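Below is one structure; the comments refer to it alone.
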Amino acid sequence: MTKMPGKFSRIAIANRGEVAVRIIKACEELGIETVLLHSEADINSRAYRMATKTICIGPAPTAESYLSIPANVNGALAAGAQAIHPGFGFLSENADFAEAVEKAGMTFIGPSAESIRSLGDKVHCKELAKKAGLPLVPGYQGENQEVAHLIQQAEKIGYPVIVKAAAGGGGRGMKLITNSADAAELIESAQREAQSAFGSPKVFLEKYLDRAKHIEFQIFGDSSGQVIHFFDRECSVQRRHQKIIEEATSPSLTDDLRRRMGEAACAIATVGKYKGAGTVEFLLQDGEFYLLEVNTRLQVEHPVTEEVMGVDLVKMQILTAQGDFIHDPKQVRIPRGHSIECRIYAENPFMGGVPSTGLLGHVEWPEGPGRRYEYGFDQGDVITPFYDPMIAKVIVWDENRPRAIQKMIRVLKDSVVFGVHTNIPYLIEILSHKEFVMGTMTTRFIETYFAEAL
Ligand code: ADP
């Protein structure tokens, strides 16, 4: 039996930037104090200024601060927090962290360590998915990691094949094999990179789907264990397997597909005893969908779901962790209108997306109906080279997709960021592209039409 947590009066945030601000806002509405567990490099940030309390947990390198389990657990304990919100990235999908938080007598705001282990691990997740009857991309997830055996499996699957790090994430640790001549070299280098980046050389293989869309479902397990979904997002606009523009709902699903994919998403989450916010990711090609993975945390793109569903997923996460959130059967859960999110990266678009750092001279995010901004830095703050270059998210809502696109273009033209370069000019071009406007883009959209942005 896990203990029933009481109401939280103080929550620690094991994260930084815009998501830390997002969590602080949810806590403020719930009347909960916040403790920001930050590195030495993040003193000039909105989250630092907004949190009730701040604790420096280490120097700038992530291994010594944001990725250190003891630093975060000890910081939260010292501050008297009853719970830790991990945000996304960093330790958010680390089962050992969830376990350490609970062992220290606090509540991890997220699913149980057991759920993270079974669903968050890409290989385990596929085994569960098979049991739950979900369609998988054809592939090999076996224990035998000998290169000769993996090549044999790749030939069986048929090229092109993608080799992925079993412990990978964030679009990293993947290599595309298009023919048998390159297979040995690519598999070996994938194993080496998996070891150095993720601490395990284990890889698995999947058939590469070359005209797929990325469609995902927001799922949510309440305090009683009932899982429902909050419909879908499309995230096909990606660069190097990382999302840049996301929208809710997908322009590509028929009612029947949406129903079947939603049911599949809830089925796997239920088998994995899922609690809180999570995402079931699929690839969709030629009318068939395949499970890609389950992300056992809040997603960067959660605001587009919040906009069309009229919910606050972060507040729901906190209430669920308190044991206080039960899905209300009287609530009609139907998406309304259309929402789009653009990720604003501090990078130089004229230098192949090289991160751009420096002092933010002047920043303006002009308010207006259906405009929402999530950002972690104000003018006068410094964008440092230590972390992910995403500095803000711009989210719009309008009654339908064409109007939402039109609004997003206007909003991006109105927004001002001086001091660092950003990808805003590229985003405007992407949003104006015929294929995006039609909604027919696949995950290869950027590499096909915007090679210079790669
Ligand atoms: P990560 O956990 O690193 O984000 P995912 O497995 O979720 O990795 O994949 C990220 C992206 O990589 C997908 O959205 C898709 O664009 C691409 N991708 C992954 N697997 C395949 C595949 N089998 N075929 C085609 N594209 C793939």
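Going by the structure tokens order, chains are called A, B, ..., each with residues numbered from 1, while ligands are numbered from 1 in the order shown.
Once Pro251 in chain A and its same-chain neighbours fewer than 5 positions away are set aside, A:Asp232, A:Arg233, A:Glu234, A:His338, A:Arg401, A:Met438, A:Gly439, A:Thr440 remain within 10 Å of it when counting only C-alpha atoms.
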Output the selection as an mmCIF file, in the first residue's frame - N, CA, C and O atoms for each residue.
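What follows is the written file selection05.cif:
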data_model
loop_
_atom_site.group_PDB
_atom_site.id
_atom_site.type_symbol
_atom_site.label_atom_id
_atom_site.label_comp_id
_atom_site.auth_asym_id
_atom_site.auth_seq_id
_atom_site.Cartn_x
_atom_site.Cartn_y
_atom_site.Cartn_z
ATOM 1 N N ASP A 232 -5.893 14.132 -29.277
ATOM 2 C CA ASP A 232 -4.613 13.944 -29.965
ATOM 3 C C ASP A 232 -3.923 15.254 -30.290
ATOM 4 O O ASP A 232 -4.527 16.316 -30.331
ATOM 5 N N ARG A 233 -2.628 15.096 -30.551
ATOM 6 C CA ARG A 233 -1.821 16.201 -31.070
ATOM 7 C C ARG A 233 -1.085 15.673 -32.295
ATOM 8 O O ARG A 233 -0.746 14.495 -32.351
ATOM 9 N N GLU A 234 -0.825 16.550 -33.245
ATOM 10 C CA GLU A 234 0.049 16.157 -34.354
ATOM 11 C C GLU A 234 1.366 16.917 -34.218
ATOM 12 O O GLU A 234 1.375 18.132 -34.027
ATOM 13 N N HIS A 338 -9.049 24.979 -32.626
ATOM 14 C CA HIS A 338 -7.743 24.443 -33.014
ATOM 15 C C HIS A 338 -6.637 25.238 -32.314
ATOM 16 O O HIS A 338 -6.746 26.450 -32.160
ATOM 17 N N ARG A 401 -8.458 25.496 -37.987
ATOM 18 C CA ARG A 401 -7.023 25.429 -38.287
ATOM 19 C C ARG A 401 -6.533 26.582 -39.160
ATOM 20 O O ARG A 401 -5.512 27.201 -38.840
ATOM 21 N N MET A 438 -2.006 22.636 -45.972
ATOM 22 C CA MET A 438 -2.938 21.543 -46.318
ATOM 23 C C MET A 438 -3.023 20.501 -45.195
ATOM 24 O O MET A 438 -3.951 19.714 -45.151
ATOM 25 N N GLY A 439 -2.013 20.479 -44.354
ATOM 26 C CA GLY A 439 -2.011 19.512 -43.247
ATOM 27 C C GLY A 439 -1.503 18.138 -43.657
ATOM 28 O O GLY A 439 -1.682 17.156 -42.937
ATOM 29 N N THR A 440 -0.846 18.055 -44.808
ATOM 30 C CA THR A 440 -0.403 16.756 -45.319
ATOM 31 C C THR A 440 1.056 16.443 -44.982
ATOM 32 O O THR A 440 1.604 15.445 -45.444
#
What lies within 8 Å of Arg372 in chain A using only C-alpha atoms, ignoring chain neighbours under 2 positions off, as a PDB file with all heavy atoms, in the first residue's frame?
ATOM      1  N   GLU A 367       0.126  40.722 -26.091  1.00  0.00           N
ATOM      2  CA  GLU A 367      -1.104  40.042 -25.684  1.00  0.00           C
ATOM      3  C   GLU A 367      -2.191  40.200 -26.744  1.00  0.00           C
ATOM      4  O   GLU A 367      -2.172  41.139 -27.533  1.00  0.00           O
ATOM      5  CB  GLU A 367      -1.619  40.641 -24.368  1.00  0.00           C
ATOM      6  CG  GLU A 367      -0.702  40.427 -23.184  1.00  0.00           C
ATOM      7  CD  GLU A 367      -0.465  38.958 -22.871  1.00  0.00           C
ATOM      8  OE1 GLU A 367      -1.392  38.146 -23.102  1.00  0.00           O
ATOM      9  OE2 GLU A 367       0.643  38.619 -22.431  1.00  0.00           O
ATOM     10  N   GLY A 370      -6.674  34.691 -27.711  1.00  0.00           N
ATOM     11  CA  GLY A 370      -6.198  33.421 -28.244  1.00  0.00           C
ATOM     12  C   GLY A 370      -4.686  33.324 -28.345  1.00  0.00           C
ATOM     13  O   GLY A 370      -4.162  32.473 -29.056  1.00  0.00           O
ATOM     14  N   GLU A 374       4.597  30.936 -23.120  1.00  0.00           N
ATOM     15  CA  GLU A 374       5.244  30.256 -21.998  1.00  0.00           C
ATOM     16  C   GLU A 374       6.734  30.527 -22.167  1.00  0.00           C
ATOM     17  O   GLU A 374       7.332  30.091 -23.152  1.00  0.00           O
ATOM     18  CB  GLU A 374       4.981  28.746 -22.055  1.00  0.00           C
ATOM     19  CG  GLU A 374       3.517  28.339 -22.025  1.00  0.00           C
ATOM     20  CD  GLU A 374       2.905  28.402 -20.626  1.00  0.00           C
ATOM     21  OE1 GLU A 374       3.677  28.471 -19.638  1.00  0.00           O
ATOM     22  OE2 GLU A 374       1.667  28.397 -20.528  1.00  0.00           O
ATOM     23  N   VAL A 394       5.223  29.717 -28.125  1.00  0.00           N
ATOM     24  CA  VAL A 394       4.102  30.582 -28.480  1.00  0.00           C
ATOM     25  C   VAL A 394       2.937  29.665 -28.830  1.00  0.00           C
ATOM     26  O   VAL A 394       3.091  28.728 -29.631  1.00  0.00           O
ATOM     27  CB  VAL A 394       4.475  31.478 -29.684  1.00  0.00           C
ATOM     28  CG1 VAL A 394       3.262  32.264 -30.160  1.00  0.00           C
ATOM     29  CG2 VAL A 394       5.604  32.424 -29.310  1.00  0.00           C
ATOM     30  N   ILE A 395       1.797  29.899 -28.220  1.00  0.00           N
ATOM     31  CA  ILE A 395       0.637  29.033 -28.431  1.00  0.00           C
ATOM     32  C   ILE A 395      -0.545  29.898 -28.856  1.00  0.00           C
ATOM     33  O   ILE A 395      -0.780  30.960 -28.257  1.00  0.00           O
ATOM     34  CB  ILE A 395       0.281  28.276 -27.121  1.00  0.00           C
ATOM     35  CG1 ILE A 395       1.483  27.448 -26.640  1.00  0.00           C
ATOM     36  CG2 ILE A 395      -0.944  27.375 -27.323  1.00  0.00           C
ATOM     37  CD1 ILE A 395       2.066  27.907 -25.344  1.00  0.00           C
ATOM     38  N   VAL A 396      -1.251  29.465 -29.876  1.00  0.00           N
ATOM     39  CA  VAL A 396      -2.466  30.197 -30.266  1.00  0.00           C
ATOM     40  C   VAL A 396      -3.662  29.267 -30.268  1.00  0.00           C
ATOM     41  O   VAL A 396      -3.518  28.044 -30.398  1.00  0.00           O
ATOM     42  CB  VAL A 396      -2.350  30.848 -31.667  1.00  0.00           C
ATOM     43  CG1 VAL A 396      -1.214  31.842 -31.724  1.00  0.00           C
ATOM     44  CG2 VAL A 396      -2.204  29.780 -32.756  1.00  0.00           C
TER      45      VAL A 396
END
As a PDB file with all heavy atoms, in the first residue's frame, please: the residues near range 326-333 of chain A (cut-off 8 Å, only C-alpha atoms, same-chain neighbours under 2 positions excluded).
ATOM      1  N   ASP A 222      -6.373   9.110 -13.254  1.00  0.00           N
ATOM      2  CA  ASP A 222      -6.724   9.866 -12.049  1.00  0.00           C
ATOM      3  C   ASP A 222      -6.297   9.116 -10.784  1.00  0.00           C
ATOM      4  O   ASP A 222      -5.694   8.036 -10.852  1.00  0.00           O
ATOM      5  CB  ASP A 222      -8.216  10.237 -12.048  1.00  0.00           C
ATOM      6  CG  ASP A 222      -9.139   9.037 -11.858  1.00  0.00           C
ATOM      7  OD1 ASP A 222      -8.654   7.935 -11.510  1.00  0.00           O
ATOM      8  OD2 ASP A 222     -10.362   9.198 -12.057  1.00  0.00           O
ATOM      9  N   SER A 223      -6.639   9.685  -9.626  1.00  0.00           N
ATOM     10  CA  SER A 223      -6.172   9.108  -8.358  1.00  0.00           C
ATOM     11  C   SER A 223      -6.721   7.706  -8.118  1.00  0.00           C
ATOM     12  O   SER A 223      -6.145   6.931  -7.359  1.00  0.00           O
ATOM     13  CB  SER A 223      -6.567  10.006  -7.183  1.00  0.00           C
ATOM     14  OG  SER A 223      -6.121  11.316  -7.396  1.00  0.00           O
ATOM     15  N   SER A 224      -7.851   7.378  -8.772  1.00  0.00           N
ATOM     16  CA  SER A 224      -8.433   6.045  -8.561  1.00  0.00           C
ATOM     17  C   SER A 224      -7.890   5.035  -9.560  1.00  0.00           C
ATOM     18  O   SER A 224      -8.231   3.859  -9.520  1.00  0.00           O
ATOM     19  CB  SER A 224      -9.956   6.116  -8.711  1.00  0.00           C
ATOM     20  OG  SER A 224     -10.297   6.193 -10.087  1.00  0.00           O
ATOM     21  N   GLN A 226      -8.316   5.378 -12.940  1.00  0.00           N
ATOM     22  CA  GLN A 226      -9.051   5.373 -14.215  1.00  0.00           C
ATOM     23  C   GLN A 226      -8.318   6.235 -15.243  1.00  0.00           C
ATOM     24  O   GLN A 226      -7.968   7.401 -14.971  1.00  0.00           O
ATOM     25  CB  GLN A 226     -10.473   5.917 -14.017  1.00  0.00           C
ATOM     26  CG  GLN A 226     -11.356   5.607 -15.213  1.00  0.00           C
ATOM     27  CD  GLN A 226     -12.526   6.564 -15.379  1.00  0.00           C
ATOM     28  OE1 GLN A 226     -12.827   7.367 -14.503  1.00  0.00           O
ATOM     29  NE2 GLN A 226     -13.185   6.471 -16.516  1.00  0.00           N
ATOM     30  N   PHE A 230      -7.269  12.770 -23.559  1.00  0.00           N
ATOM     31  CA  PHE A 230      -7.688  14.137 -23.862  1.00  0.00           C
ATOM     32  C   PHE A 230      -7.354  14.435 -25.326  1.00  0.00           C
ATOM     33  O   PHE A 230      -6.789  15.455 -25.649  1.00  0.00           O
ATOM     34  CB  PHE A 230      -7.020  15.118 -22.894  1.00  0.00           C
ATOM     35  CG  PHE A 230      -7.612  15.070 -21.509  1.00  0.00           C
ATOM     36  CD1 PHE A 230      -7.240  14.074 -20.619  1.00  0.00           C
ATOM     37  CD2 PHE A 230      -8.578  15.986 -21.116  1.00  0.00           C
ATOM     38  CE1 PHE A 230      -7.806  14.008 -19.355  1.00  0.00           C
ATOM     39  CE2 PHE A 230      -9.152  15.920 -19.855  1.00  0.00           C
ATOM     40  CZ  PHE A 230      -8.764  14.930 -18.968  1.00  0.00           C
ATOM     41  N   MET A 309      -9.029  21.552 -25.011  1.00  0.00           N
ATOM     42  CA  MET A 309      -9.841  20.774 -24.069  1.00  0.00           C
ATOM     43  C   MET A 309     -10.321  21.598 -22.871  1.00  0.00           C
ATOM     44  O   MET A 309     -11.150  21.132 -22.091  1.00  0.00           O
ATOM     45  CB  MET A 309      -9.056  19.552 -23.552  1.00  0.00           C
ATOM     46  CG  MET A 309      -8.633  18.561 -24.621  1.00  0.00           C
ATOM     47  SD  MET A 309      -9.994  17.893 -25.593  1.00  0.00           S
ATOM     48  CE  MET A 309     -10.883  16.965 -24.343  1.00  0.00           C
ATOM     49  N   THR A 320      -3.819  15.066  -8.600  1.00  0.00           N
ATOM     50  CA  THR A 320      -3.778  13.593  -8.654  1.00  0.00           C
ATOM     51  C   THR A 320      -2.748  13.056  -7.661  1.00  0.00           C
ATOM     52  O   THR A 320      -3.007  12.091  -6.936  1.00  0.00           O
ATOM     53  CB  THR A 320      -3.429  13.119 -10.086  1.00  0.00           C
ATOM     54  OG1 THR A 320      -4.400  13.659 -10.976  1.00  0.00           O
ATOM     55  CG2 THR A 320      -3.433  11.601 -10.202  1.00  0.00           C
ATOM     56  N   ASP A 324      -6.386  13.590  -4.928  1.00  0.00           N
ATOM     57  CA  ASP A 324      -7.605  14.401  -4.956  1.00  0.00           C
ATOM     58  C   ASP A 324      -8.287  14.523  -6.301  1.00  0.00           C
ATOM     59  O   ASP A 324      -9.188  15.334  -6.446  1.00  0.00           O
ATOM     60  CB  ASP A 324      -7.210  15.862  -4.630  1.00  0.00           C
ATOM     61  CG  ASP A 324      -7.349  16.171  -3.183  1.00  0.00           C
ATOM     62  OD1 ASP A 324      -7.814  15.290  -2.461  1.00  0.00           O
ATOM     63  OD2 ASP A 324      -6.976  17.286  -2.796  1.00  0.00           O
ATOM     64  N   PRO A 335     -12.853  18.144 -27.933  1.00  0.00           N
ATOM     65  CA  PRO A 335     -11.980  19.255 -28.323  1.00  0.00           C
ATOM     66  C   PRO A 335     -12.760  20.362 -29.038  1.00  0.00           C
ATOM     67  O   PRO A 335     -13.713  20.084 -29.769  1.00  0.00           O
ATOM     68  CB  PRO A 335     -10.968  18.604 -29.267  1.00  0.00           C
ATOM     69  CG  PRO A 335     -11.534  17.284 -29.645  1.00  0.00           C
ATOM     70  CD  PRO A 335     -12.543  16.899 -28.623  1.00  0.00           C
TER      71      PRO A 335
END
Within 6 Å of ligand 1 (counting only C-alpha atoms and all ligand atoms), which residues show up? I'd like them as a JSON list (two decimals) with N, CA, C and O atoms, in the first residue's frame.
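Okay, part-v3.json is ready:
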[["chain", "number", "residue", "atom", "x", "y", "z"],
["A", 162, "ILE", "N", 15.68, 1.69, -38.91],
["A", 162, "ILE", "CA", 16.21, 2.68, -37.98],
["A", 162, "ILE", "C", 16.74, 1.94, -36.76],
["A", 162, "ILE", "O", 16.09, 1.01, -36.26],
["A", 168, "GLY", "N", 17.44, 5.68, -25.13],
["A", 168, "GLY", "CA", 17.53, 7.01, -25.75],
["A", 168, "GLY", "C", 16.29, 7.87, -25.54],
["A", 168, "GLY", "O", 15.31, 7.44, -24.96],
["A", 169, "GLY", "N", 16.38, 9.10, -26.02],
["A", 169, "GLY", "CA", 15.26, 10.02, -25.92],
["A", 169, "GLY", "C", 15.63, 11.35, -26.53],
["A", 169, "GLY", "O", 16.79, 11.57, -26.89],
["A", 170, "GLY", "N", 14.62, 12.20, -26.66],
["A", 170, "GLY", "CA", 14.87, 13.56, -27.17],
["A", 170, "GLY", "C", 15.35, 13.57, -28.61],
["A", 170, "GLY", "O", 16.03, 14.49, -29.03],
["A", 171, "GLY", "N", 14.96, 12.53, -29.36],
["A", 171, "GLY", "CA", 15.32, 12.49, -30.77],
["A", 171, "GLY", "C", 16.77, 12.10, -31.00],
["A", 171, "GLY", "O", 17.25, 12.05, -32.13],
["A", 172, "ARG", "N", 17.51, 11.78, -29.91],
["A", 172, "ARG", "CA", 18.92, 11.45, -30.08],
["A", 172, "ARG", "C", 19.12, 9.93, -30.04],
["A", 172, "ARG", "O", 18.28, 9.19, -29.56],
["A", 206, "GLU", "N", 13.93, -0.88, -35.87],
["A", 206, "GLU", "CA", 12.55, -0.72, -36.35],
["A", 206, "GLU", "C", 12.58, -0.48, -37.85],
["A", 206, "GLU", "O", 13.51, 0.15, -38.36],
["A", 207, "LYS", "N", 11.55, -0.93, -38.53],
["A", 207, "LYS", "CA", 11.38, -0.57, -39.93],
["A", 207, "LYS", "C", 11.24, 0.95, -39.98],
["A", 207, "LYS", "O", 10.54, 1.54, -39.14],
["A", 208, "TYR", "N", 11.92, 1.61, -40.89],
["A", 208, "TYR", "CA", 11.79, 3.06, -41.01],
["A", 208, "TYR", "C", 10.59, 3.38, -41.89],
["A", 208, "TYR", "O", 10.51, 2.95, -43.03],
["A", 209, "LEU", "N", 9.65, 4.11, -41.32],
["A", 209, "LEU", "CA", 8.45, 4.49, -42.08],
["A", 209, "LEU", "C", 8.74, 5.85, -42.73],
["A", 209, "LEU", "O", 8.90, 6.85, -42.02],
["A", 210, "ASP", "N", 8.81, 5.89, -44.05],
["A", 210, "ASP", "CA", 9.34, 7.10, -44.68],
["A", 210, "ASP", "C", 8.30, 8.13, -45.10],
["A", 210, "ASP", "O", 8.63, 9.14, -45.69],
["A", 214, "HIS", "N", 3.52, 11.96, -37.19],
["A", 214, "HIS", "CA", 3.63, 11.71, -35.75],
["A", 214, "HIS", "C", 2.34, 12.20, -35.10],
["A", 214, "HIS", "O", 2.05, 13.39, -35.11],
["A", 241, "HIS", "N", 14.47, 14.73, -35.75],
["A", 241, "HIS", "CA", 13.57, 13.95, -34.89],
["A", 241, "HIS", "C", 13.09, 14.71, -33.66],
["A", 241, "HIS", "O", 12.60, 14.12, -32.71],
["A", 292, "LEU", "N", 4.76, 4.05, -31.08],
["A", 292, "LEU", "CA", 6.17, 4.44, -31.11],
["A", 292, "LEU", "C", 6.75, 4.32, -29.69],
["A", 292, "LEU", "O", 7.72, 3.60, -29.46],
["A", 293, "GLU", "N", 6.15, 5.02, -28.75],
["A", 293, "GLU", "CA", 6.61, 4.93, -27.35],
["A", 293, "GLU", "C", 5.61, 5.62, -26.45],
["A", 293, "GLU", "O", 4.68, 6.29, -26.92],
["A", 443, "THR", "N", 6.83, 13.45, -41.20],
["A", 443, "THR", "CA", 7.97, 13.80, -40.33],
["A", 443, "THR", "C", 9.19, 14.21, -41.16],
["A", 443, "THR", "O", 10.18, 14.67, -40.60]]
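Picture a line from CA of Lys131 in chain A to CA of Ala267 in chain A; it runs 10.1 Å.
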Could you write out, as a ChimeraX atom specification, all the residues of range 107-253 of chain A that DSSP marks as alpha helix (DSSP H)? /A:113-115,122-131,147-157,180-198
Output the selection as a CSV table (one decimal), in the first residue's frame - C-alpha atoms for each residue.
chain,number,residue,atom,x,y,z
A,113,ALA,CA,8.5,4.2,-10.4
A,114,GLU,CA,7.0,0.8,-11.5
A,115,SER,CA,5.0,2.4,-14.3
A,122,LYS,CA,11.1,1.6,-24.9
A,123,VAL,CA,11.7,-2.1,-25.1
A,124,HIS,CA,9.5,-3.1,-22.0
A,125,CYS,CA,6.8,-0.8,-23.4
A,126,LYS,CA,6.7,-2.8,-26.6
A,127,GLU,CA,6.3,-6.0,-24.7
A,128,LEU,CA,3.4,-4.6,-22.8
A,129,ALA,CA,2.0,-3.2,-26.0
A,130,LYS,CA,2.0,-6.6,-27.6
A,131,LYS,CA,0.1,-8.0,-24.6
A,147,VAL,CA,26.4,-7.0,-34.6
A,148,ALA,CA,26.1,-10.0,-36.9
A,149,HIS,CA,22.8,-10.9,-35.4
A,150,LEU,CA,21.4,-7.4,-35.6
A,151,ILE,CA,22.4,-7.2,-39.2
A,152,GLN,CA,20.5,-10.5,-39.9
A,153,GLN,CA,17.5,-9.0,-38.1
A,154,ALA,CA,17.7,-5.8,-40.1
A,155,GLU,CA,17.8,-7.8,-43.4
A,156,LYS,CA,14.7,-9.7,-42.2
A,157,ILE,CA,12.8,-6.4,-41.4
A,180,SER,CA,23.4,-3.7,-46.0
A,181,ALA,CA,26.8,-2.2,-46.9
A,182,ASP,CA,26.5,0.5,-44.2
A,183,ALA,CA,24.7,-1.7,-41.6
A,184,ALA,CA,27.7,-3.0,-39.6
A,185,GLU,CA,29.3,0.5,-39.2
A,186,LEU,CA,26.0,2.2,-38.3
A,187,ILE,CA,25.0,-0.4,-35.8
A,188,GLU,CA,28.4,-0.3,-34.1
A,189,SER,CA,28.5,3.5,-33.9
A,190,ALA,CA,24.9,3.5,-32.6
A,191,GLN,CA,26.0,1.1,-29.8
A,192,ARG,CA,29.0,3.3,-29.0
A,193,GLU,CA,26.9,6.4,-28.9
A,194,ALA,CA,24.2,4.8,-26.8
A,195,GLN,CA,26.8,3.8,-24.3
A,196,SER,CA,28.3,7.3,-24.0
A,197,ALA,CA,25.1,9.3,-24.2
A,198,PHE,CA,22.7,7.1,-22.2
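When only C-alpha atoms are used to measure the gap to Arg410 in chain A, the shortest distance among A:Trp365, A:Phe217, A:Tyr48, A:Phe231 belongs to A:Trp365.
One distance worth recording is that between CA of Gln299 in chain A and CA of Gly89 in chain A, which is 8.9 Å.
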Name all residues at most 6 Å from range 414-419 of chain A (count only C-alpha atoms; drop same-chain ones fewer than 5 positions away) and give them as a compact mmCIF listing (two decimals) with C-alpha atoms, in the first residue's frame.
# COMPACT_ATOMS: atom_id res chain seq x y z
CA LEU A 359 21.99 39.01 -22.98
CA LEU A 360 18.30 39.40 -23.86
CA GLY A 361 18.15 43.06 -24.76
CA HIS A 362 14.48 43.62 -25.44
CA VAL A 363 11.63 41.11 -25.45
CA GLU A 364 7.95 41.59 -26.26
CA TRP A 365 5.22 38.97 -26.39
Can you tell me, as a tab-separated table (two decimals) with N, CA and C atoms, in the first residue's frame, what residues are no more than 10 Å from Ala76 in chain A when counting only C-alpha atoms, ignoring any on the same chain fewer than 5 positions away?
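The resulting file, part29.tsv, is reproduced below:
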chain	number	residue	atom	x	y	z
A	10	ARG	N	3.89	22.84	0.09
A	10	ARG	CA	5.12	23.29	-0.56
A	10	ARG	C	5.63	22.23	-1.53
A	11	ILE	N	5.82	22.65	-2.77
A	11	ILE	CA	6.29	21.72	-3.81
A	11	ILE	C	7.64	22.19	-4.34
A	12	ALA	N	8.57	21.25	-4.47
A	12	ALA	CA	9.87	21.57	-5.06
A	12	ALA	C	9.82	21.30	-6.56
A	13	ILE	N	10.53	22.12	-7.31
A	13	ILE	CA	10.55	21.98	-8.77
A	13	ILE	C	11.95	21.59	-9.20
A	14	ALA	N	12.07	20.39	-9.76
A	14	ALA	CA	13.38	19.89	-10.19
A	14	ALA	C	13.54	20.19	-11.67
A	35	VAL	N	9.47	25.73	-4.32
A	35	VAL	CA	10.91	25.80	-4.08
A	35	VAL	C	11.59	25.45	-5.39
A	36	LEU	N	12.34	26.40	-5.94
A	36	LEU	CA	13.03	26.12	-7.19
A	36	LEU	C	14.40	25.53	-6.88
A	37	LEU	N	14.64	24.31	-7.38
A	37	LEU	CA	15.93	23.65	-7.21
A	37	LEU	C	16.74	23.99	-8.46
A	54	THR	N	14.20	29.56	-3.17
A	54	THR	CA	15.11	28.96	-4.15
A	54	THR	C	16.24	28.26	-3.40
A	55	ILE	N	16.67	27.15	-3.98
A	55	ILE	CA	17.82	26.44	-3.40
A	55	ILE	C	18.78	26.09	-4.52
A	57	ILE	N	21.36	23.88	-6.13
A	57	ILE	CA	21.70	22.46	-5.92
A	57	ILE	C	23.01	22.07	-6.60
A	70	PRO	N	20.67	12.82	-5.77
A	70	PRO	CA	20.84	13.28	-4.39
A	70	PRO	C	20.73	14.80	-4.24
A	71	ALA	N	21.28	15.55	-5.20
A	71	ALA	CA	21.22	17.02	-5.08
A	71	ALA	C	19.77	17.49	-5.04
A	81	ALA	N	9.86	20.57	1.43
A	81	ALA	CA	8.81	20.30	0.44
A	81	ALA	C	8.20	18.92	0.69
A	82	GLN	N	6.90	18.79	0.39
A	82	GLN	CA	6.26	17.46	0.54
A	82	GLN	C	6.25	16.70	-0.77
A	83	ALA	N	6.52	17.41	-1.87
A	83	ALA	CA	6.44	16.75	-3.18
A	83	ALA	C	7.43	17.40	-4.14
A	84	ILE	N	7.77	16.65	-5.19
A	84	ILE	CA	8.66	17.20	-6.24
A	84	ILE	C	7.99	17.06	-7.59
A	101	VAL	N	12.64	9.86	-4.35
A	101	VAL	CA	11.77	10.91	-3.80
A	101	VAL	C	10.81	10.28	-2.79
A	104	ALA	N	12.45	9.13	0.41
A	104	ALA	CA	12.79	10.25	1.30
A	104	ALA	C	11.55	10.80	1.99
A	106	MET	N	8.76	11.94	0.43
A	106	MET	CA	8.02	12.96	-0.35
A	106	MET	C	7.23	12.25	-1.46
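Nearest residue to Ile430 in chain A among A:Cys342, A:Thr357, A:Ala95, A:Gly80 is A:Cys342, counting only C-alpha atoms.
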Where in range 105-175 of chain A does DSSP assign strand (DSSP E), given as a PyMOL selection string? chain A and resi 107-108+139-140+161-165+174-175
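Counting from CA of Glu301 in chain A, the distance to CA of Gly276 in chain A is 16.0 Å.
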List as a PyMOL selection string the protein and nucleic acid residues near Ala277 in chain A, meaning an atom at most 7 Å away when only C-alpha atoms are counted, but skip any in the same chain fewer than 5 places from it.
chain A and resi 219-221+297-298+317
Any chance you can output those residues with N, CA, C and O atoms as a compact mmCIF listing (two decimals), in the first residue's frame?
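What landed in part.txt:
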# COMPACT_ATOMS: atom_id res chain seq x y z
N ILE A 219 -2.87 11.16 -22.42
CA ILE A 219 -3.67 10.32 -21.52
C ILE A 219 -3.54 10.87 -20.10
O ILE A 219 -2.59 11.58 -19.78
N PHE A 220 -4.52 10.49 -19.28
CA PHE A 220 -4.45 10.95 -17.89
C PHE A 220 -5.11 9.93 -16.98
O PHE A 220 -6.29 9.60 -17.14
N GLY A 221 -4.31 9.42 -16.03
CA GLY A 221 -4.83 8.47 -15.05
C GLY A 221 -5.13 9.21 -13.75
O GLY A 221 -4.27 9.91 -13.23
N ARG A 297 5.39 11.42 -18.61
CA ARG A 297 5.59 12.75 -18.02
C ARG A 297 4.72 13.75 -18.77
O ARG A 297 4.07 13.42 -19.75
N LEU A 298 4.77 14.99 -18.31
CA LEU A 298 4.16 16.11 -19.03
C LEU A 298 4.98 16.31 -20.31
O LEU A 298 6.18 16.11 -20.30
N GLN A 317 -2.18 17.26 -12.51
CA GLN A 317 -1.08 16.39 -12.03
C GLN A 317 -0.90 16.53 -10.53
O GLN A 317 -0.74 15.53 -9.82
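Residues in contact range of Asn295 in chain A, defined as at most 7 Å between only C-alpha atoms, with sequence neighbours fewer than 5 positions away removed, read Gly120, Gly278, Thr279 and Val280 of chain A.
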All heavy atoms of the current selection, written as a compact mmCIF listing (two decimals), in the first residue's frame:
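Below you can see result06.txt, which holds the result:
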# COMPACT_ATOMS: atom_id res chain seq x y z
N GLY A 120 8.02 3.53 -19.63
CA GLY A 120 9.00 4.51 -20.09
C GLY A 120 10.17 3.87 -20.81
O GLY A 120 10.79 4.47 -21.66
N GLY A 278 0.37 11.59 -19.19
CA GLY A 278 1.33 10.86 -20.02
C GLY A 278 0.94 10.98 -21.48
O GLY A 278 -0.14 11.50 -21.81
N THR A 279 1.83 10.51 -22.34
CA THR A 279 1.55 10.61 -23.77
C THR A 279 1.88 9.30 -24.47
O THR A 279 2.94 8.73 -24.22
CB THR A 279 2.37 11.75 -24.40
OG1 THR A 279 1.93 12.98 -23.84
CG2 THR A 279 2.19 11.80 -25.91
N VAL A 280 0.95 8.85 -25.29
CA VAL A 280 1.19 7.65 -26.10
C VAL A 280 1.44 8.12 -27.53
O VAL A 280 0.57 8.75 -28.14
CB VAL A 280 0.00 6.68 -26.01
CG1 VAL A 280 0.29 5.42 -26.82
CG2 VAL A 280 -0.28 6.32 -24.55
